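Here the structure is laid out as structure tokens; the discussion comes afterwards.
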Amino acid sequence: MAGSAALPPPSDDGLLLRISPHPRGRDDGPARRDTGGRRAAIARAATDLFLRQGYQATSTEQIASAAAVSKQTVYNQFGDKQRLFEEIVLGVTATAEAFAADLPDTMHGVSGPTELDAALRALARRYLAVVMTPQVLALRRLVISEATRYPELAAAYYERGPARVLAALGVLFAGLDTRRLLRVDDPGRAAADFAFLLLGRALDEGMFRPRALPTAEIDATVDHAVDVVLATYRRRA
């Protein structure tokens with residue numbers, strides 16, 4: 001989204017939501033200025049409703065009621081339901097942005113095979129947990145359900161969310177090659193290998209049958225993904 005971004009509203013559902021302080025990131029006049037955190041309240045209420053009952057089944061009246069504002073306030077702040085939906089979908093990519101931004105720190109202090117093994121397993125566990133959060137899965141299903149109606153929005157969500165994380169993982173694997181901790185000729189391919197070994201089966205199932213992953217299944221998934229990646233990209237003597 002263009003322009004400066006407001007801080008993500010408080011959330012306890014695993015999603016970070018970044019919204020612009022004014023429509024399209026600019027101040028469109030006194031009638032649209034947010035003087036009491038109403039934009040954040042509207043966005044959070046709309047996010048909850050969209051995820052629970054879908055875009056089509058959610059009305060502007062329901063959003064206004066849940067946010068404890070008038071319907072006109074929703075229009076003043078966001079224009080209409082479609083623009084509010086678009087801002088939320090792109091705003092929630094702040095979750096992926098935050099995860100990607102933290103990736104370089106996961107390799108801090110890694111200087112040998114033992115540290116690398118531990119760091120990759122910790123990263124894999126966190127990555128799996130973020131993607132398999134029920135609200136993240138619900139958002140993916142929501143975007144996919146509206147992709148035919150809003151293809152450009154779906155594409156933008158992918159580029160700012162999953163693709164951003166894959167790109168950051170590629171940079172991470174390139175760094176591991178530079179530091180001679182792994183041999184990675186194609187960092188993008190290594191990132192895709194890591195991501196799909198870790199997420200492929202769990203994400204595929206989670207899109208259709210959401211459930212909490214048992215600890216034993218998380219451990220087995222993480223161990224398998226890291227073991228395969230290390231075996232594939234380990235430097236040979």
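Just so we're on the same page: first chain in the structure tokens is A, next is B, and so on; residues restart at 1 for each chain, and ligands are numbered from 1 in the order they show up.
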As a list of chain:residue names, please: the residues near Leu213 in chain A (cut-off 9 Å, only C-alpha atoms, same-chain neighbours under 5 positions excluded).
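Counting only C-alpha atoms, the residues come to A:Met132, A:Ala202, A:Ile218.
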Selection file, N, CA and C atoms, as a CSV table (one decimal), in the first residue's frame:
chain,number,residue,atom,x,y,z
A,132,MET,N,0.6,-22.2,9.7
A,132,MET,CA,-0.5,-23.0,10.0
A,132,MET,C,-1.4,-22.4,11.1
A,202,ALA,N,1.2,-30.3,5.2
A,202,ALA,CA,0.4,-29.7,6.3
A,202,ALA,C,-0.5,-28.6,5.7
A,218,ILE,N,4.4,-32.2,14.3
A,218,ILE,CA,5.2,-31.0,14.1
A,218,ILE,C,6.7,-31.4,14.1
Residues of chain A in alpha helix (DSSP H) according to DSSP, as number ranges by chain?
A: 38-53, 60-67, 71-78, 81-91, 94-102, 113-131, 134-145, 151-160, 162-178, 187-208, 215-233
Would you kindly return, as a PyMOL selection string, each protein, DNA or RNA residue with an atom no farther than 12 Å from any atom of Ser65 in chain A, considering only C-alpha atoms and excluding same-chain residues fewer than 4 positions away?
chain A and resi 41-42+45-46+49+58-61+69-74
Between CA of Thr106 in chain A and CA of Ala119 in chain A, measure the distance and give it in Å to one decimal.
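Here the two named atoms are 6.3 Å from each other.
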Contacts of Leu128 in chain A at 10 Å (only C-alpha atoms; same-chain gap of 5+ positions) as a list in words:
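Everything that qualifies: Leu123, Thr133, Ala195, Leu198, Leu199, Ala202, Leu203, Leu213, Ile218, Thr221 and Val222 of chain A.
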Would you export the selected residues with C-alpha atoms as a JSON list (two decimals), in the first residue's frame, please?
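Once written, again-v7.json looks like this:
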[["chain", "number", "residue", "atom", "x", "y", "z"],
["A", 123, "LEU", "CA", 13.39, -21.58, 11.94],
["A", 133, "THR", "CA", -2.10, -20.45, 12.37],
["A", 195, "ALA", "CA", 9.37, -24.41, 2.20],
["A", 198, "LEU", "CA", 8.04, -28.23, 5.52],
["A", 199, "LEU", "CA", 4.64, -26.87, 4.50],
["A", 202, "ALA", "CA", 0.37, -29.70, 6.25],
["A", 203, "LEU", "CA", -0.77, -26.67, 4.25],
["A", 213, "LEU", "CA", -1.09, -30.17, 14.49],
["A", 218, "ILE", "CA", 5.22, -31.00, 14.08],
["A", 221, "THR", "CA", 7.67, -32.64, 9.82],
["A", 222, "VAL", "CA", 10.40, -30.27, 10.98]]
Interatomic distance, CA of Gly109 in chain A to CA of Val165 in chain A (Å, one decimal)
21.6 Å
Shell around Phe173 in chain A at 10 Å using only C-alpha atoms, local window under 6 positions removed, as a list of chain:residue names:
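Neighbouring residues, sequence-local ones excluded: A:Ala167, A:Arg179, A:Leu181, A:Leu182, A:Arg183, A:Val184, A:Asp185, A:Asp186, A:Pro187, A:Gly188, A:Arg189, A:Ala190, A:Ala191, A:Phe194, A:Tyr233.
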Using only C-alpha atoms, determine which residues lie at most 10 Å from Ser111 in chain A, disregarding the query and same-chain residues fewer than 3 positions distant; provide the list as a PyMOL selection string.
chain A and resi 107-108+114-116+176+179-181
Only N, CA and C atoms, please: the residues just picked out, written as a PDB file, in the first residue's frame.
ATOM      1  N   MET A 107      20.080 -16.776  11.773  1.00  0.00           N
ATOM      2  CA  MET A 107      21.399 -17.362  11.530  1.00  0.00           C
ATOM      3  C   MET A 107      22.505 -16.630  12.289  1.00  0.00           C
ATOM      4  N   HIS A 108      22.120 -15.727  13.168  1.00  0.00           N
ATOM      5  CA  HIS A 108      23.118 -14.995  13.952  1.00  0.00           C
ATOM      6  C   HIS A 108      23.874 -15.955  14.868  1.00  0.00           C
ATOM      7  N   THR A 114      26.754 -27.864  13.855  1.00  0.00           N
ATOM      8  CA  THR A 114      25.875 -28.055  15.002  1.00  0.00           C
ATOM      9  C   THR A 114      24.942 -26.876  15.186  1.00  0.00           C
ATOM     10  N   GLU A 115      25.511 -25.657  15.115  1.00  0.00           N
ATOM     11  CA  GLU A 115      24.680 -24.452  15.244  1.00  0.00           C
ATOM     12  C   GLU A 115      23.706 -24.331  14.080  1.00  0.00           C
ATOM     13  N   LEU A 116      24.148 -24.691  12.870  1.00  0.00           N
ATOM     14  CA  LEU A 116      23.284 -24.606  11.700  1.00  0.00           C
ATOM     15  C   LEU A 116      22.100 -25.559  11.840  1.00  0.00           C
ATOM     16  N   LEU A 176      24.178 -18.579   3.542  1.00  0.00           N
ATOM     17  CA  LEU A 176      24.786 -19.810   4.069  1.00  0.00           C
ATOM     18  C   LEU A 176      25.812 -20.372   3.100  1.00  0.00           C
ATOM     19  N   ARG A 179      28.963 -18.148   3.359  1.00  0.00           N
ATOM     20  CA  ARG A 179      29.697 -18.465   4.593  1.00  0.00           C
ATOM     21  C   ARG A 179      30.208 -19.903   4.611  1.00  0.00           C
ATOM     22  N   ARG A 180      29.988 -20.625   3.518  1.00  0.00           N
ATOM     23  CA  ARG A 180      30.457 -21.997   3.332  1.00  0.00           C
ATOM     24  C   ARG A 180      29.879 -22.952   4.387  1.00  0.00           C
ATOM     25  N   LEU A 181      28.687 -22.639   4.842  1.00  0.00           N
ATOM     26  CA  LEU A 181      27.990 -23.539   5.759  1.00  0.00           C
ATOM     27  C   LEU A 181      27.172 -24.577   4.993  1.00  0.00           C
TER      28      LEU A 181
END
Identify, on the basis of only C-alpha atoms, every residue whose closest approach to Leu90 in chain A does not exceed 8 Å; exclude the query and any residue fewer than 4 positions from it along the same chain; express the result as a list in words.
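The contact residues come out as Met1, Glu86, Ala94, Leu153, Ala156, Tyr157 and Arg160 of chain A.
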Straight-line distance linking CA of Ala147 in chain A with CA of Phe50 in chain A, stated in Å to one decimal
14.5 Å
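Of the listed residues (A:Ala98, A:Ala225, A:Met207, A:Ala40), A:Ala225 comes nearest to Ala192 in chain A; the distances count only C-alpha atoms.
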